[in-house]
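Below is model.tsv, which holds TSV, C-alpha atoms and all ligand atoms.
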```tsv
chain	number	residue	atom	x	y	z
A	1	MET	CA	85.85	213.48	47.31
A	2	SER	CA	84.04	216.65	46.27
A	3	LEU	CA	81.32	218.25	48.35
A	4	GLU	CA	77.78	217.39	47.26
A	5	ILE	CA	75.36	220.28	47.28
A	6	LYS	CA	71.62	219.83	47.52
A	7	ILE	CA	69.09	222.61	47.04
A	8	CYS	CA	65.79	221.48	48.50
A	9	GLY	CA	62.20	222.60	48.11
A	10	LEU	CA	62.40	223.78	44.51
A	11	SER	CA	58.97	224.36	43.02
A	12	THR	CA	59.25	226.43	39.84
A	13	PRO	CA	61.06	225.87	36.53
A	14	GLU	CA	62.94	229.16	36.97
A	15	THR	CA	64.36	228.47	40.41
A	16	LEU	CA	65.08	224.87	39.46
A	17	GLU	CA	67.06	226.15	36.49
A	18	ALA	CA	68.94	228.52	38.80
A	19	ALA	CA	69.96	225.59	41.00
A	20	LEU	CA	71.08	223.50	38.03
A	21	GLU	CA	73.03	226.36	36.48
A	22	ALA	CA	74.69	227.13	39.79
A	23	GLY	CA	75.98	223.55	39.84
A	24	ALA	CA	73.81	221.83	42.43
A	25	ASP	CA	74.45	218.08	42.55
A	26	MET	CA	71.02	217.28	43.95
A	27	VAL	CA	67.67	219.01	43.81
A	28	GLY	CA	64.98	218.22	46.34
A	29	MET	CA	61.24	218.09	45.81
A	30	VAL	CA	59.02	218.19	48.87
A	31	PHE	CA	55.96	215.96	49.19
A	32	PHE	CA	54.47	217.05	52.50
A	33	ALA	CA	51.16	218.87	52.40
A	34	ARG	CA	51.91	221.14	55.37
A	35	SER	CA	55.01	222.56	53.70
A	36	PRO	CA	54.96	225.77	51.64
A	37	ARG	CA	57.24	223.83	49.25
A	38	HIS	CA	54.83	220.94	48.75
A	39	LEU	CA	54.38	219.80	45.16
A	40	ASP	CA	51.52	217.90	43.59
A	41	LEU	CA	52.59	214.95	41.48
A	42	ALA	CA	51.79	216.49	38.11
A	43	ARG	CA	53.84	219.60	38.78
A	44	ALA	CA	56.67	217.50	40.22
A	45	ALA	CA	56.74	215.31	37.11
A	46	GLY	CA	57.25	218.38	34.91
A	47	LEU	CA	60.09	219.62	37.10
A	48	ALA	CA	61.69	216.17	37.16
A	49	ALA	CA	61.77	216.11	33.35
A	50	GLN	CA	63.69	219.40	33.46
A	51	VAL	CA	66.28	217.91	35.85
A	52	ARG	CA	66.82	214.44	34.42
A	53	GLY	CA	70.47	213.80	33.60
A	54	ARG	CA	71.62	217.15	35.02
A	55	ALA	CA	71.46	216.48	38.75
A	56	GLN	CA	70.13	213.86	41.14
A	57	ILE	CA	66.45	214.12	41.95
A	58	VAL	CA	65.64	213.75	45.63
A	59	ALA	CA	62.06	213.07	46.77
A	60	LEU	CA	61.44	214.29	50.33
A	61	SER	CA	58.61	212.71	52.28
A	62	VAL	CA	57.57	212.56	55.93
A	63	ASP	CA	56.30	209.23	57.29
A	64	ALA	CA	54.72	208.49	53.92
A	65	ASP	CA	53.02	205.13	53.48
A	66	ASP	CA	53.84	202.77	50.63
A	67	ALA	CA	50.99	204.01	48.45
A	68	ALA	CA	52.13	207.62	48.72
A	69	LEU	CA	55.73	206.64	48.03
A	70	ALA	CA	54.65	204.57	45.05
A	71	GLY	CA	52.87	207.61	43.60
A	72	ILE	CA	55.92	209.79	44.06
A	73	VAL	CA	58.26	207.21	42.54
A	74	ALA	CA	55.99	206.68	39.54
A	75	ALA	CA	55.64	210.42	38.94
A	76	ILE	CA	59.24	211.62	39.21
A	77	HIS	CA	61.50	208.52	39.20
A	78	PRO	CA	63.75	209.96	41.89
A	79	ASP	CA	67.40	209.00	42.33
A	80	LEU	CA	67.11	209.15	46.11
A	81	LEU	CA	64.33	209.04	48.70
A	82	GLN	CA	64.80	211.46	51.59
A	83	LEU	CA	62.86	210.34	54.66
A	84	HIS	CA	62.31	213.24	57.03
A	85	GLY	CA	59.89	211.78	59.55
A	86	ALA	CA	60.12	209.23	62.34
A	87	GLU	CA	60.94	206.30	60.05
A	88	ASP	CA	62.89	203.70	62.06
A	89	PRO	CA	65.64	201.45	60.66
A	90	ALA	CA	63.16	198.65	59.94
A	91	ARG	CA	60.95	200.98	57.92
A	92	ILE	CA	63.98	202.27	56.04
A	93	ARG	CA	64.99	198.72	55.12
A	94	ALA	CA	61.43	197.95	53.99
A	95	ILE	CA	61.33	201.06	51.78
A	96	ARG	CA	64.72	200.27	50.23
A	97	ALA	CA	63.62	196.73	49.49
A	98	ARG	CA	60.23	197.69	48.09
A	99	PHE	CA	61.29	200.56	45.85
A	100	GLY	CA	64.86	199.56	45.00
A	101	LEU	CA	66.05	203.10	45.58
A	102	PRO	CA	68.71	204.50	47.89
A	103	VAL	CA	67.42	206.19	51.02
A	104	MET	CA	68.74	209.24	52.84
A	105	LYS	CA	67.44	209.40	56.41
A	106	ALA	CA	67.26	212.76	58.15
A	107	ILE	CA	68.16	212.71	61.83
A	108	GLY	CA	67.47	215.66	64.11
A	109	ILE	CA	70.44	216.69	66.21
A	110	GLY	CA	69.87	218.76	69.34
A	111	GLY	CA	72.61	217.49	71.64
A	112	ALA	CA	75.38	214.90	71.94
A	113	GLN	CA	72.81	212.31	73.07
A	114	ASP	CA	71.25	212.38	69.59
A	115	LEU	CA	74.42	211.00	68.05
A	116	ALA	CA	73.93	207.61	69.71
A	117	VAL	CA	71.30	206.52	67.16
A	118	LEU	CA	73.46	207.27	64.16
A	119	PRO	CA	75.14	203.85	63.78
A	120	ALA	CA	71.77	202.05	63.72
A	121	TYR	CA	70.46	204.40	61.06
A	122	ALA	CA	73.74	204.30	59.15
A	123	ALA	CA	73.41	200.51	58.94
A	124	ALA	CA	69.94	200.79	57.42
A	125	ALA	CA	70.11	203.86	55.16
A	126	ASP	CA	72.38	204.68	52.25
A	127	ARG	CA	73.02	208.16	53.54
A	128	LEU	CA	72.39	210.21	56.63
A	129	LEU	CA	71.30	213.84	56.66
A	130	LEU	CA	72.10	215.51	59.97
A	131	ASP	CA	69.56	218.28	60.50
A	132	ALA	CA	68.51	220.50	63.38
A	133	LYS	CA	65.64	219.33	65.56
A	134	PRO	CA	62.54	221.40	64.81
A	135	PRO	CA	61.61	224.10	67.32
A	136	LYS	CA	58.85	223.01	69.75
A	137	ASP	CA	56.05	224.97	68.05
A	138	ALA	CA	57.17	224.15	64.50
A	139	VAL	CA	54.64	222.87	61.96
A	140	LEU	CA	57.36	221.21	59.89
A	141	PRO	CA	59.88	218.54	60.96
A	142	GLY	CA	62.49	220.30	58.78
A	143	GLY	CA	62.85	223.30	56.53
A	144	ASN	CA	62.64	225.67	59.50
A	145	GLY	CA	65.88	227.54	58.88
A	146	VAL	CA	67.22	226.52	62.28
A	147	ALA	CA	70.81	225.43	62.82
A	148	PHE	CA	72.24	223.17	65.53
A	149	ASP	CA	75.62	223.38	67.24
A	150	TRP	CA	78.00	222.11	64.57
A	151	ASN	CA	80.65	221.51	67.22
A	152	LEU	CA	78.66	218.39	68.12
A	153	LEU	CA	79.98	216.90	64.89
A	154	THR	CA	83.64	217.57	65.52
A	155	GLY	CA	86.38	215.16	66.63
A	156	PRO	CA	85.65	213.70	70.07
A	157	ASN	CA	81.87	213.48	69.55
A	158	LEU	CA	82.18	211.53	66.31
A	159	ALA	CA	85.22	209.50	67.31
A	160	GLY	CA	83.33	206.48	68.63
A	161	LEU	CA	80.75	206.33	65.87
A	162	ASP	CA	81.00	203.68	63.21
A	163	LEU	CA	80.08	205.86	60.24
A	164	THR	CA	81.14	204.63	56.85
A	165	ARG	CA	79.71	206.96	54.24
A	166	PRO	CA	79.66	210.74	53.88
A	167	PHE	CA	76.81	212.42	55.69
A	168	MET	CA	75.09	215.59	54.58
A	169	LEU	CA	74.65	218.56	56.88
A	170	SER	CA	71.50	220.70	56.94
A	171	GLY	CA	69.54	223.04	59.16
A	172	GLY	CA	69.75	226.80	58.95
A	173	LEU	CA	72.50	226.88	56.35
A	174	ASP	CA	72.68	229.96	54.13
A	175	PRO	CA	75.17	231.69	51.83
A	176	ASP	CA	76.77	233.48	54.79
A	177	ASN	CA	77.34	230.53	57.12
A	178	VAL	CA	77.80	227.51	54.85
A	179	GLY	CA	81.51	228.21	54.42
A	180	ALA	CA	82.14	228.09	58.15
A	181	ALA	CA	80.15	224.86	58.45
A	182	VAL	CA	82.04	223.18	55.63
A	183	ARG	CA	85.42	224.23	56.99
A	184	LEU	CA	84.59	223.09	60.53
A	185	ILE	CA	82.88	219.78	59.83
A	186	GLN	CA	83.96	218.83	56.32
A	187	PRO	CA	80.70	216.97	55.62
A	188	GLY	CA	80.16	214.89	52.52
A	189	GLY	CA	77.45	217.31	51.47
A	190	VAL	CA	75.31	220.28	52.45
A	191	ASP	CA	71.58	220.75	52.02
A	192	VAL	CA	69.64	224.01	52.15
A	193	SER	CA	66.07	225.17	51.80
A	194	SER	CA	65.01	228.28	53.79
A	195	GLY	CA	68.44	229.89	53.55
A	196	VAL	CA	68.10	230.39	49.79
A	197	GLU	CA	64.56	231.80	49.95
A	198	ARG	CA	63.23	235.35	49.99
A	199	ALA	CA	60.00	234.19	51.70
A	200	PRO	CA	58.79	230.76	52.87
A	201	GLY	CA	58.63	228.55	49.80
A	202	ILE	CA	59.93	231.25	47.41
A	203	LYS	CA	63.44	230.48	46.26
A	204	ASP	CA	65.84	233.28	45.30
A	205	PRO	CA	68.12	232.53	42.32
A	206	ASP	CA	70.84	234.91	43.56
A	207	ARG	CA	70.92	233.27	46.98
A	208	ILE	CA	71.07	229.84	45.37
A	209	ALA	CA	74.10	230.88	43.30
A	210	ALA	CA	75.76	232.51	46.31
A	211	PHE	CA	75.20	229.39	48.42
A	212	VAL	CA	76.76	227.06	45.87
A	213	ARG	CA	79.70	229.41	45.35
A	214	ALA	CA	80.39	229.77	49.08
A	215	ALA	CA	80.11	226.04	49.71
A	216	ARG	CA	82.47	225.17	46.84
A	217	GLU	CA	85.04	227.77	47.89
A	218	ALA	CA	85.04	226.50	51.47
A	219	SER	CA	85.30	222.90	50.33
A	220	ALA	CA	88.36	223.70	48.23
A	221	LEU	CA	89.92	225.49	51.19
A	222	ALA	CA	89.12	222.63	53.59
A	223	ALA	CA	90.67	220.12	51.21
A	224	SER	CA	93.98	221.87	51.62
A	225	GLY	CA	94.05	221.22	55.41
A	226	PRO	CA	91.54	219.72	57.89
A	227	ALA	CA	90.07	222.15	60.43
A	228	ASP	CA	89.65	219.38	62.99
A	229	PRO	CA	92.79	217.22	63.27
A	230	ALA	CA	90.89	214.56	65.29
A	231	ARG	CA	88.59	213.90	62.36
A	232	PRO	CA	89.53	211.74	59.39
A	233	SER	CA	89.29	213.98	56.36
A	234	PRO	CA	87.31	214.72	54.28
A	235	ALA	CA	84.29	212.84	55.68
A	236	ARG	CA	83.37	209.56	57.19
A	237	GLU	CA	81.27	206.92	55.58
A	238	THR	CA	77.89	205.72	56.89
A	239	ARG	CA	77.18	202.35	55.34
A	240	PRO	CA	79.25	199.51	53.96
A	241	SER	CA	78.73	198.94	50.23
B	1	LIG	O1	61.63	222.10	53.28
B	1	LIG	C1	60.58	221.66	53.79
B	1	LIG	O2	59.50	222.23	53.62
B	1	LIG	C2	60.62	220.43	54.62
B	1	LIG	C3	59.42	219.89	55.05
B	1	LIG	C4	59.41	218.74	55.83
B	1	LIG	C5	60.61	218.13	56.17
B	1	LIG	C6	61.82	218.67	55.75
B	1	LIG	C7	61.85	219.81	54.97
B	1	LIG	N1	63.06	220.38	54.53
B	1	LIG	C8	64.34	219.87	54.84
B	1	LIG	O3	64.80	220.39	56.06
B	1	LIG	C9	66.19	220.57	56.05
B	1	LIG	C10	66.60	221.91	56.59
B	1	LIG	O4	65.98	222.95	55.92
B	1	LIG	P1	66.43	224.47	56.14
B	1	LIG	O5	67.58	224.72	55.21
B	1	LIG	O6	66.80	224.65	57.56
B	1	LIG	O7	65.24	225.27	55.76
B	1	LIG	C11	66.63	220.35	54.62
B	1	LIG	O8	67.21	219.07	54.60
B	1	LIG	C12	65.39	220.30	53.82
B	1	LIG	O9	65.56	219.28	52.87
```
Could I get this file's structure written as structure tokens?
Amino acid sequence: MSLEIKICGLSTPETLEAALEAGADMVGMVFFARSPRHLDLARAAGLAAQVRGRAQIVALSVDADDAALAGIVAAIHPDLLQLHGAEDPARIRAIRARFGLPVMKAIGIGGAQDLAVLPAYAAAADRLLLDAKPPKDAVLPGGNGVAFDWNLLTGPNLAGLDLTRPFMLSGGLDPDNVGAAVRLIQPGGVDVSSGVERAPGIKDPDRIAAFVRAAREASALAASGPADPARPSPARETRPS
């Protein structure tokens, strides 16, 4: 299975085009007013029209209510809803049922204890996104350019978890470190925002291209031999079909 690459927080036609031309599988649009990547619905609809049929459109929200989600869905017709707040498994199930769209739930990982919740979320969501926990003083629950200890996701820590679909990895990834992350963990996908920016909210086309290239190269290398022999390769699954 090939690595899925998501570039998140795109907000201009030019940088969106850079992500599509680089070969991103998913592009993320942020609907969270406190974020420098926040999009209003009209602008997002224009960007979505540019993407349609070329990559999956991911709508990122944070504890959004049904009315807000309905507005987002109507405006951009996303392929996937990324929930990046404190949505619990019941809320995830309710959103899936109401909107008929697959859901990717972001889970903050700070230590081994945070892995315990994964099976419950894996049973409710279509995908999991394993992200760093935000720093204490952070304004945003994600998109902070902070990584967590990837070793938490290697062999013994994941061994007891009933994960049945590929998870995505995020948090502080960039063109220089994504290769190491992919080789170590062999995730189903990688997701980046800050690491391909030149300033908060300003994406850099060269960094986007470099990120995709580095991730693909590492994925090809990892496919030729797992870095972690205790881990089933290439990635585990998180939800029965
Ligand atoms: O990008 C944002 O502004 C954002 C806002 C609120 C929640 C999540 C957000 N981004 C997501 O955070 C992770 C990690 O981002 P980074 O690469 O460390 O900057 C990623 O999944 C983004 O989709």
inquiry  = Neighbouring residues of ligand LIG 1 (chain B) are defined here as those with any atom at most 8 Å from a ligand atom, counting only C-alpha atoms and all ligand atoms; list them as number ranges by chain.
reply    = A: 7-9, 28, 30-32, 34-38, 60-62, 82, 84-85, 106, 129, 131-132, 140-147, 169-174, 191-196, 201
ask   = Looking at A:Ala90, A:Ala18, A:Ala181, A:Val27, which one is nearest to Thr154 in chain A, with distances taken over only C-alpha atoms?
value = A:Ala181
ask   = So which one's closest to Gly100 in chain A, A:Asp176, A:Asp79, A:Asp206, A:Glu14? Using only C-alpha atoms, please.
value =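 Counting only C-alpha atoms, the residue closest to Gly100 in chain A is A:Asp79.
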ask   = Between A:Ala67, A:Ala22, A:Ile72, A:Val117, which has the minimum distance to Ala55 in chain A (counting only C-alpha atoms)?
value = A:Ala22
